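Here is the structure we will look at, set down as structure tokens.
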Amino acid sequence: MATKIIIDTDPGQDDAVALLLALASPDELELLGIVTVAGNVGLAQNSRNALKIVELSGKINTKVYAGCDRPIRRVPVTAEHVHGQSGLDGPNLPDAKITLQDMHGVDFIVQTLQNAAPGEITICALGPLTNIAMALVRAPEIAPKIKQIVLMGGGYFEGGNITPTAEFNIYVDPEAADVVVHCGAPIVMIPLDVTHQALATKERLANFADLGNKTGTAIHQMLTFSERFDLEKYQWQGAPLHDPCVIAYLLDPDMFTGRLINVEIEVDSELTRGMTVADFWGVTDRNPNVTYMRHIDADAYYAMLTDRLVRLP
Ligand code: RIB
Ligand code: CA
């Protein structure tokens, strides 16, 4: 029985690979809808990018909904310096012919959960958590119905990537992250501590180009564009491939190891805004609210990506 999922996303080249991995796995994942959120670039551009990715996959009946165009409280922060002005620089993908659904993305999340049986729906969060928090505030009754929320965000051992202490998705909307980590639904957090182990080395990038399909070519162009920022910053052999880890977790959770701990979100200090204060060593008596991933089998991750993305056009 395929797992029913909603993907909330701010594409973003790494988001694009995550979406394509999910779209390439229909036997395991039933993608009920994609909801876009302001993040890497503005909402309108993220939404255009999501439509382009759906068309690239060939799964043109996949529904895309636009969500919130700014964080709950904070001034929007975007990342064109990483992802380019379009948010999907690299390939020259044509404008999509398919269009957005009329329903607001937050309403889609709420109504899907309200109409589902308890434990039926998994939420995959690849960007700032604004939409999910707004859905939880609007309809708190959906929280106990969520099977699990698997999100890319946060960092503890690796610190932050947009400030010394905060990862981008959490930093953009820390109030939203605070709502989500306290909502009571099972949460799996895939932080920089994991994604920094999953580097898209030149060999791994070449494997995408060698898939022999449009998808592989586009992914190679996307990642060889977006890697520039991280290679210059970290001087590593490759850039971390963040968001597809969320989908990989659903497809093979044994690829990861982690533990149930308490995670709190810094929302008051400007110095440490958006920090995920992870009690990894259990030094407090705070409520364990997050299954915090710490390690990934990176070779298995990239093997999964090529094994599945070759199935797409
Ligand atoms: O910090 C990495 C996260 O921020 C990823 O989701 C990337 O797409 C950006 O949104
Ligand atoms: Ca993202």
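Please note that chains go A, B, ... in the order of the structure tokens, that every chain numbers its residues from 1, and that ligands are numbered from 1 in the order shown.
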
Quick one: DSSP alpha helix (DSSP H) residues in region 149-249 of chain A, as a PyMOL selection string? chain A and resi 168-172+174-181+192-195+202-209+214-234+244-249

What would the file look like if the residues just selected were written as a PDB file, in the first residue's frame with C-alpha atoms?
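Resulting contents of out_7.pdb:
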ATOM      1  CA  PHE A 168      17.903  28.200   6.331  1.00  0.00           C
ATOM      2  CA  ASN A 169      14.473  26.498   6.500  1.00  0.00           C
ATOM      3  CA  ILE A 170      14.177  27.069  10.234  1.00  0.00           C
ATOM      4  CA  TYR A 171      15.780  30.535  10.130  1.00  0.00           C
ATOM      5  CA  VAL A 172      13.304  31.883   7.562  1.00  0.00           C
ATOM      6  CA  PRO A 174      11.351  30.131  13.310  1.00  0.00           C
ATOM      7  CA  GLU A 175       7.856  30.759  14.697  1.00  0.00           C
ATOM      8  CA  ALA A 176       6.463  28.235  12.220  1.00  0.00           C
ATOM      9  CA  ALA A 177       9.100  25.703  13.218  1.00  0.00           C
ATOM     10  CA  ASP A 178       8.203  26.286  16.879  1.00  0.00           C
ATOM     11  CA  VAL A 179       4.533  25.525  16.167  1.00  0.00           C
ATOM     12  CA  VAL A 180       5.452  22.380  14.236  1.00  0.00           C
ATOM     13  CA  VAL A 181       7.859  20.842  16.762  1.00  0.00           C
ATOM     14  CA  LEU A 192      22.567  19.514   8.307  1.00  0.00           C
ATOM     15  CA  ASP A 193      24.270  16.929  10.546  1.00  0.00           C
ATOM     16  CA  VAL A 194      22.942  14.348   8.060  1.00  0.00           C
ATOM     17  CA  THR A 195      22.887  16.260   4.780  1.00  0.00           C
ATOM     18  CA  LYS A 202      31.796  14.973  -9.199  1.00  0.00           C
ATOM     19  CA  GLU A 203      31.448  11.193  -9.630  1.00  0.00           C
ATOM     20  CA  ARG A 204      27.933  11.201  -8.222  1.00  0.00           C
ATOM     21  CA  LEU A 205      26.996  14.202 -10.401  1.00  0.00           C
ATOM     22  CA  ALA A 206      28.376  12.386 -13.449  1.00  0.00           C
ATOM     23  CA  ASN A 207      26.120   9.424 -12.630  1.00  0.00           C
ATOM     24  CA  PHE A 208      23.106  11.735 -12.978  1.00  0.00           C
ATOM     25  CA  ALA A 209      24.329  13.003 -16.352  1.00  0.00           C
ATOM     26  CA  LYS A 214      16.039  14.470 -19.675  1.00  0.00           C
ATOM     27  CA  THR A 215      15.697  14.137 -15.921  1.00  0.00           C
ATOM     28  CA  GLY A 216      19.330  13.176 -15.399  1.00  0.00           C
ATOM     29  CA  THR A 217      20.572  15.918 -17.692  1.00  0.00           C
ATOM     30  CA  ALA A 218      18.430  18.544 -15.926  1.00  0.00           C
ATOM     31  CA  ILE A 219      19.518  17.387 -12.473  1.00  0.00           C
ATOM     32  CA  HIS A 220      23.170  17.528 -13.502  1.00  0.00           C
ATOM     33  CA  GLN A 221      22.671  21.085 -14.776  1.00  0.00           C
ATOM     34  CA  MET A 222      20.765  22.087 -11.616  1.00  0.00           C
ATOM     35  CA  LEU A 223      23.301  20.726  -9.151  1.00  0.00           C
ATOM     36  CA  THR A 224      26.384  21.916 -11.014  1.00  0.00           C
ATOM     37  CA  PHE A 225      24.838  25.377 -10.746  1.00  0.00           C
ATOM     38  CA  SER A 226      23.740  25.298  -7.094  1.00  0.00           C
ATOM     39  CA  GLU A 227      26.932  23.600  -5.836  1.00  0.00           C
ATOM     40  CA  ARG A 228      29.058  26.693  -6.501  1.00  0.00           C
ATOM     41  CA  PHE A 229      28.047  28.406  -3.282  1.00  0.00           C
ATOM     42  CA  ASP A 230      28.735  25.428  -1.014  1.00  0.00           C
ATOM     43  CA  LEU A 231      32.000  24.397  -2.730  1.00  0.00           C
ATOM     44  CA  GLU A 232      33.386  27.906  -2.287  1.00  0.00           C
ATOM     45  CA  LYS A 233      32.186  28.098   1.324  1.00  0.00           C
ATOM     46  CA  TYR A 234      33.119  24.635   2.585  1.00  0.00           C
ATOM     47  CA  PRO A 244      15.925  14.357  -1.307  1.00  0.00           C
ATOM     48  CA  CYS A 245      16.973  12.903   2.096  1.00  0.00           C
ATOM     49  CA  VAL A 246      13.365  13.416   3.214  1.00  0.00           C
ATOM     50  CA  ILE A 247      11.996  11.245   0.406  1.00  0.00           C
ATOM     51  CA  ALA A 248      14.823   8.727   0.771  1.00  0.00           C
ATOM     52  CA  TYR A 249      13.864   8.377   4.444  1.00  0.00           C
TER      53      TYR A 249
END

For ligand 2, collect every residue having any atom at a distance of at most 7 Å from a ligand atom (counting only C-alpha atoms and all ligand atoms); output as a PDB file with all heavy atoms, in the first residue's frame.
ATOM      1  N   THR A   9       7.203  22.611  -0.265  1.00  0.00           N
ATOM      2  CA  THR A   9       8.515  22.789  -0.884  1.00  0.00           C
ATOM      3  C   THR A   9       8.749  24.203  -1.400  1.00  0.00           C
ATOM      4  O   THR A   9       7.811  24.938  -1.699  1.00  0.00           O
ATOM      5  CB  THR A   9       8.659  21.779  -2.043  1.00  0.00           C
ATOM      6  OG1 THR A   9       9.918  21.929  -2.696  1.00  0.00           O
ATOM      7  CG2 THR A   9       7.548  21.963  -3.061  1.00  0.00           C
ATOM      8  N   ASP A  10      10.049  24.570  -1.530  1.00  0.00           N
ATOM      9  CA  ASP A  10      10.414  25.886  -2.076  1.00  0.00           C
ATOM     10  C   ASP A  10      11.458  25.707  -3.190  1.00  0.00           C
ATOM     11  O   ASP A  10      12.590  26.174  -3.088  1.00  0.00           O
ATOM     12  CB  ASP A  10      10.956  26.802  -0.967  1.00  0.00           C
ATOM     13  CG  ASP A  10      12.223  26.253  -0.297  1.00  0.00           C
ATOM     14  OD1 ASP A  10      12.439  25.029  -0.324  1.00  0.00           O
ATOM     15  OD2 ASP A  10      13.011  27.080   0.227  1.00  0.00           O
ATOM     16  N   PRO A  11      11.080  25.016  -4.279  1.00  0.00           N
ATOM     17  CA  PRO A  11      12.077  24.653  -5.291  1.00  0.00           C
ATOM     18  C   PRO A  11      12.736  25.858  -5.955  1.00  0.00           C
ATOM     19  O   PRO A  11      12.072  26.697  -6.530  1.00  0.00           O
ATOM     20  CB  PRO A  11      11.259  23.853  -6.315  1.00  0.00           C
ATOM     21  CG  PRO A  11       9.843  24.176  -6.062  1.00  0.00           C
ATOM     22  CD  PRO A  11       9.703  24.625  -4.662  1.00  0.00           C
ATOM     23  N   GLY A  12      13.996  25.744  -5.892  1.00  0.00           N
ATOM     24  CA  GLY A  12      15.152  25.098  -5.266  1.00  0.00           C
ATOM     25  C   GLY A  12      15.550  23.814  -6.009  1.00  0.00           C
ATOM     26  O   GLY A  12      14.725  22.945  -6.234  1.00  0.00           O
ATOM     27  N   ASP A  14      17.655  21.426  -5.019  1.00  0.00           N
ATOM     28  CA  ASP A  14      17.609  20.187  -4.240  1.00  0.00           C
ATOM     29  C   ASP A  14      16.185  19.733  -3.989  1.00  0.00           C
ATOM     30  O   ASP A  14      15.888  18.541  -3.986  1.00  0.00           O
ATOM     31  CB  ASP A  14      18.411  20.303  -2.935  1.00  0.00           C
ATOM     32  CG  ASP A  14      17.883  21.358  -1.985  1.00  0.00           C
ATOM     33  OD1 ASP A  14      17.489  22.445  -2.435  1.00  0.00           O
ATOM     34  OD2 ASP A  14      17.848  21.073  -0.781  1.00  0.00           O
ATOM     35  N   ASP A  15      15.272  20.723  -3.838  1.00  0.00           N
ATOM     36  CA  ASP A  15      13.851  20.370  -3.762  1.00  0.00           C
ATOM     37  C   ASP A  15      13.421  19.646  -5.030  1.00  0.00           C
ATOM     38  O   ASP A  15      12.658  18.669  -4.981  1.00  0.00           O
ATOM     39  CB  ASP A  15      12.983  21.621  -3.630  1.00  0.00           C
ATOM     40  CG  ASP A  15      13.287  22.496  -2.435  1.00  0.00           C
ATOM     41  OD1 ASP A  15      14.369  23.100  -2.402  1.00  0.00           O
ATOM     42  OD2 ASP A  15      12.441  22.541  -1.531  1.00  0.00           O
ATOM     43  N   ASN A  40      13.444  29.596  -0.849  1.00  0.00           N
ATOM     44  CA  ASN A  40      14.658  29.826  -1.651  1.00  0.00           C
ATOM     45  C   ASN A  40      14.508  31.075  -2.524  1.00  0.00           C
ATOM     46  O   ASN A  40      15.430  31.872  -2.668  1.00  0.00           O
ATOM     47  CB  ASN A  40      14.951  28.609  -2.521  1.00  0.00           C
ATOM     48  CG  ASN A  40      15.550  27.481  -1.712  1.00  0.00           C
ATOM     49  OD1 ASN A  40      16.349  27.714  -0.812  1.00  0.00           O
ATOM     50  ND2 ASN A  40      15.138  26.251  -2.002  1.00  0.00           N
ATOM     51  N   LEU A 126      10.151  20.442   2.858  1.00  0.00           N
ATOM     52  CA  LEU A 126      11.455  20.683   2.229  1.00  0.00           C
ATOM     53  C   LEU A 126      11.864  22.154   2.296  1.00  0.00           C
ATOM     54  O   LEU A 126      12.907  22.529   1.767  1.00  0.00           O
ATOM     55  CB  LEU A 126      11.433  20.230   0.765  1.00  0.00           C
ATOM     56  CG  LEU A 126      10.854  18.855   0.458  1.00  0.00           C
ATOM     57  CD1 LEU A 126      10.941  18.565  -1.033  1.00  0.00           C
ATOM     58  CD2 LEU A 126      11.514  17.765   1.271  1.00  0.00           C
ATOM     59  N   GLY A 127      11.040  22.973   2.898  1.00  0.00           N
ATOM     60  CA  GLY A 127      11.344  24.407   2.968  1.00  0.00           C
ATOM     61  C   GLY A 127      10.935  24.957   4.323  1.00  0.00           C
ATOM     62  O   GLY A 127      10.702  24.200   5.269  1.00  0.00           O
ATOM     63  N   ASP A 243      17.414  18.110   0.363  1.00  0.00           N
ATOM     64  CA  ASP A 243      15.991  17.763   0.438  1.00  0.00           C
ATOM     65  C   ASP A 243      15.620  16.341   0.026  1.00  0.00           C
ATOM     66  O   ASP A 243      14.694  15.757   0.606  1.00  0.00           O
ATOM     67  CB  ASP A 243      15.171  18.769  -0.375  1.00  0.00           C
ATOM     68  CG  ASP A 243      15.148  20.144   0.284  1.00  0.00           C
ATOM     69  OD1 ASP A 243      15.445  20.223   1.492  1.00  0.00           O
ATOM     70  OD2 ASP A 243      14.818  21.120  -0.407  1.00  0.00           O
TER      71      ASP A 243
END

Distance criterion (only C-alpha atoms): nearest to Leu56 (chain A) out of A:Thr78, A:Asn262, A:Asn213, A:Thr130: A:Asn213

Residues within 7 Å of region 103-115 of chain A, please, as a CSV table (one decimal) with C-alpha atoms, in the first residue's frame. Count only C-alpha atoms; anything in the same chain fewer than 3 positions from it doesn't count.
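Once everything was written out, this is out.csv:
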chain,number,residue,atom,x,y,z
A,35,VAL,CA,2.4,22.8,-1.8
A,65,TYR,CA,-1.0,24.4,-4.8
A,66,ALA,CA,0.5,27.8,-3.9
A,67,GLY,CA,0.8,28.3,-0.1
A,121,ILE,CA,-1.1,11.1,5.6
A,131,ASN,CA,2.3,26.4,5.5
A,134,MET,CA,-0.6,27.9,9.4
A,135,ALA,CA,-2.6,24.7,8.8
A,139,ALA,CA,-7.2,23.5,12.3
A,142,ILE,CA,-5.5,17.8,12.2
A,145,LYS,CA,-4.3,12.7,12.5

Fewer than 5 positions away in the same chain doesn't count, so skip those; otherwise give me all residues within 12 Å of Asn61 (chain A), counting only C-alpha atoms, as a VMD selection string. chain A and resid 23 31 to 34 51 54 to 55 97 to 101

Restrict the selected residues to C-alpha atoms and save them as a PDB file, in the first residue's frame.
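Contents of the output file selection-v5.pdb:
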ATOM      1  CA  LEU A  23       7.437  11.174  -8.629  1.00  0.00           C
ATOM      2  CA  LEU A  31       1.775  12.093  -3.953  1.00  0.00           C
ATOM      3  CA  LEU A  32      -1.546  13.750  -3.080  1.00  0.00           C
ATOM      4  CA  GLY A  33      -0.273  17.232  -3.807  1.00  0.00           C
ATOM      5  CA  ILE A  34       2.657  19.622  -3.841  1.00  0.00           C
ATOM      6  CA  LEU A  51       5.063  23.173 -12.198  1.00  0.00           C
ATOM      7  CA  VAL A  54       6.116  18.142 -12.526  1.00  0.00           C
ATOM      8  CA  GLU A  55       6.124  18.532 -16.321  1.00  0.00           C
ATOM      9  CA  LYS A  97       1.640  24.338 -19.569  1.00  0.00           C
ATOM     10  CA  ILE A  98      -0.004  22.894 -16.449  1.00  0.00           C
ATOM     11  CA  THR A  99      -1.267  25.434 -13.925  1.00  0.00           C
ATOM     12  CA  LEU A 100      -1.691  25.819 -10.200  1.00  0.00           C
ATOM     13  CA  GLN A 101      -4.797  24.613  -8.408  1.00  0.00           C
TER      14      GLN A 101
END

Taking the DSSP assignment computed from this structure's backbone, write out as a list in words all residues of region 148-256 of chain A that belong to strand (DSSP E).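 Those in region 148-256 of chain A that DSSP calls strand (DSSP E) are Gln148, Ile149, Val150, Leu151, Met152, Ile187, Val188, Met189, Ile190, Leu199, Ala200, Thr201, Gly238, Ala239, Pro240 and Phe256 of chain A.
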
For the selection you just gave me, I'd like the residues written to a file as a PDB file, in the first residue's frame, keeping N, CA and C atoms.
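This went into out_16.pdb:
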ATOM      1  N   GLN A 148       3.074  11.251  10.172  1.00  0.00           N
ATOM      2  CA  GLN A 148       4.349  11.827  10.617  1.00  0.00           C
ATOM      3  C   GLN A 148       4.711  13.016   9.730  1.00  0.00           C
ATOM      4  N   ILE A 149       5.485  13.897  10.263  1.00  0.00           N
ATOM      5  CA  ILE A 149       6.056  15.020   9.509  1.00  0.00           C
ATOM      6  C   ILE A 149       7.552  14.740   9.363  1.00  0.00           C
ATOM      7  N   VAL A 150       8.015  14.562   8.147  1.00  0.00           N
ATOM      8  CA  VAL A 150       9.441  14.355   7.894  1.00  0.00           C
ATOM      9  C   VAL A 150       9.962  15.635   7.254  1.00  0.00           C
ATOM     10  N   LEU A 151      10.887  16.296   7.930  1.00  0.00           N
ATOM     11  CA  LEU A 151      11.329  17.611   7.455  1.00  0.00           C
ATOM     12  C   LEU A 151      12.847  17.687   7.332  1.00  0.00           C
ATOM     13  N   MET A 152      13.282  18.426   6.312  1.00  0.00           N
ATOM     14  CA  MET A 152      14.695  18.784   6.209  1.00  0.00           C
ATOM     15  C   MET A 152      14.832  20.129   6.892  1.00  0.00           C
ATOM     16  N   ILE A 187       7.498  13.603  14.551  1.00  0.00           N
ATOM     17  CA  ILE A 187       8.342  14.431  13.681  1.00  0.00           C
ATOM     18  C   ILE A 187       9.690  13.764  13.480  1.00  0.00           C
ATOM     19  N   VAL A 188      10.109  13.659  12.214  1.00  0.00           N
ATOM     20  CA  VAL A 188      11.460  13.205  11.889  1.00  0.00           C
ATOM     21  C   VAL A 188      12.191  14.405  11.303  1.00  0.00           C
ATOM     22  N   MET A 189      13.268  14.801  11.947  1.00  0.00           N
ATOM     23  CA  MET A 189      14.049  15.960  11.499  1.00  0.00           C
ATOM     24  C   MET A 189      15.332  15.463  10.840  1.00  0.00           C
ATOM     25  N   ILE A 190      15.570  15.886   9.605  1.00  0.00           N
ATOM     26  CA  ILE A 190      16.795  15.517   8.885  1.00  0.00           C
ATOM     27  C   ILE A 190      17.628  16.785   8.748  1.00  0.00           C
ATOM     28  N   LEU A 199      27.281  14.275   0.196  1.00  0.00           N
ATOM     29  CA  LEU A 199      27.834  15.263  -0.743  1.00  0.00           C
ATOM     30  C   LEU A 199      27.733  14.788  -2.188  1.00  0.00           C
ATOM     31  N   ALA A 200      27.282  15.678  -3.040  1.00  0.00           N
ATOM     32  CA  ALA A 200      27.167  15.383  -4.473  1.00  0.00           C
ATOM     33  C   ALA A 200      28.536  15.595  -5.124  1.00  0.00           C
ATOM     34  N   THR A 201      29.371  14.584  -5.000  1.00  0.00           N
ATOM     35  CA  THR A 201      30.721  14.650  -5.574  1.00  0.00           C
ATOM     36  C   THR A 201      30.655  14.636  -7.099  1.00  0.00           C
ATOM     37  N   GLY A 238      32.145  18.073  -2.694  1.00  0.00           N
ATOM     38  CA  GLY A 238      30.808  18.149  -3.288  1.00  0.00           C
ATOM     39  C   GLY A 238      29.907  18.955  -2.372  1.00  0.00           C
ATOM     40  N   ALA A 239      28.755  19.358  -2.916  1.00  0.00           N
ATOM     41  CA  ALA A 239      27.796  20.119  -2.112  1.00  0.00           C
ATOM     42  C   ALA A 239      26.799  19.158  -1.470  1.00  0.00           C
ATOM     43  N   PRO A 240      26.309  19.460  -0.272  1.00  0.00           N
ATOM     44  CA  PRO A 240      25.303  18.586   0.345  1.00  0.00           C
ATOM     45  C   PRO A 240      24.009  18.599  -0.455  1.00  0.00           C
ATOM     46  N   PHE A 256      19.131   5.614   7.468  1.00  0.00           N
ATOM     47  CA  PHE A 256      19.430   6.678   8.429  1.00  0.00           C
ATOM     48  C   PHE A 256      19.520   6.108   9.839  1.00  0.00           C
TER      49      PHE A 256
END

Which residue out of A:Gly154, A:Pro71, A:Pro91, A:Gly282 has the minimum interatomic distance to ligand 1 when only C-alpha atoms and all ligand atoms are used?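 When distances to ligand 1 are compared using only C-alpha atoms and all ligand atoms, the smallest one comes from A:Gly154.
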
Neighbouring residues of Thr284 (chain A) were defined as those with any atom within 12 Å, considering only C-alpha atoms; residues of the same chain fewer than 6 positions away were excluded. Please report them as a PDB file with all heavy atoms, in the first residue's frame.
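Generated output (selection-v2.pdb):
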ATOM      1  N   ILE A 261      14.651  12.767  20.680  1.00  0.00           N
ATOM      2  CA  ILE A 261      15.212  13.744  21.636  1.00  0.00           C
ATOM      3  C   ILE A 261      14.295  14.959  21.714  1.00  0.00           C
ATOM      4  O   ILE A 261      13.320  15.073  20.959  1.00  0.00           O
ATOM      5  CB  ILE A 261      16.639  14.213  21.203  1.00  0.00           C
ATOM      6  CG1 ILE A 261      16.581  14.989  19.878  1.00  0.00           C
ATOM      7  CG2 ILE A 261      17.590  13.043  21.116  1.00  0.00           C
ATOM      8  CD1 ILE A 261      17.899  15.686  19.525  1.00  0.00           C
ATOM      9  N   ASN A 262      14.668  15.864  22.614  1.00  0.00           N
ATOM     10  CA  ASN A 262      13.976  17.163  22.634  1.00  0.00           C
ATOM     11  C   ASN A 262      14.678  18.141  21.713  1.00  0.00           C
ATOM     12  O   ASN A 262      15.914  18.248  21.725  1.00  0.00           O
ATOM     13  CB  ASN A 262      13.937  17.736  24.045  1.00  0.00           C
ATOM     14  CG  ASN A 262      13.396  19.172  24.045  1.00  0.00           C
ATOM     15  OD1 ASN A 262      14.158  20.137  24.008  1.00  0.00           O
ATOM     16  ND2 ASN A 262      12.081  19.296  24.030  1.00  0.00           N
ATOM     17  N   VAL A 263      13.876  18.840  20.902  1.00  0.00           N
ATOM     18  CA  VAL A 263      14.398  19.929  20.081  1.00  0.00           C
ATOM     19  C   VAL A 263      13.532  21.163  20.302  1.00  0.00           C
ATOM     20  O   VAL A 263      12.301  21.083  20.181  1.00  0.00           O
ATOM     21  CB  VAL A 263      14.403  19.574  18.580  1.00  0.00           C
ATOM     22  CG1 VAL A 263      14.861  20.771  17.735  1.00  0.00           C
ATOM     23  CG2 VAL A 263      15.311  18.379  18.298  1.00  0.00           C
ATOM     24  N   GLU A 264      14.142  22.240  20.678  1.00  0.00           N
ATOM     25  CA  GLU A 264      13.448  23.522  20.814  1.00  0.00           C
ATOM     26  C   GLU A 264      13.984  24.492  19.771  1.00  0.00           C
ATOM     27  O   GLU A 264      15.111  24.339  19.289  1.00  0.00           O
ATOM     28  CB  GLU A 264      13.632  24.084  22.240  1.00  0.00           C
ATOM     29  CG  GLU A 264      13.136  23.180  23.357  1.00  0.00           C
ATOM     30  CD  GLU A 264      11.621  22.987  23.327  1.00  0.00           C
ATOM     31  OE1 GLU A 264      10.910  23.871  22.790  1.00  0.00           O
ATOM     32  OE2 GLU A 264      11.162  21.926  23.814  1.00  0.00           O
ATOM     33  N   VAL A 277      17.780  23.847  19.080  1.00  0.00           N
ATOM     34  CA  VAL A 277      18.484  23.495  20.314  1.00  0.00           C
ATOM     35  C   VAL A 277      18.178  22.031  20.596  1.00  0.00           C
ATOM     36  O   VAL A 277      17.153  21.672  21.165  1.00  0.00           O
ATOM     37  CB  VAL A 277      18.048  24.392  21.487  1.00  0.00           C
ATOM     38  CG1 VAL A 277      18.849  24.067  22.739  1.00  0.00           C
ATOM     39  CG2 VAL A 277      18.221  25.873  21.106  1.00  0.00           C
ATOM     40  N   ALA A 278      19.086  21.181  20.090  1.00  0.00           N
ATOM     41  CA  ALA A 278      18.862  19.728  20.124  1.00  0.00           C
ATOM     42  C   ALA A 278      19.509  19.131  21.372  1.00  0.00           C
ATOM     43  O   ALA A 278      20.727  19.151  21.510  1.00  0.00           O
ATOM     44  CB  ALA A 278      19.448  19.087  18.868  1.00  0.00           C
TER      45      ALA A 278
END
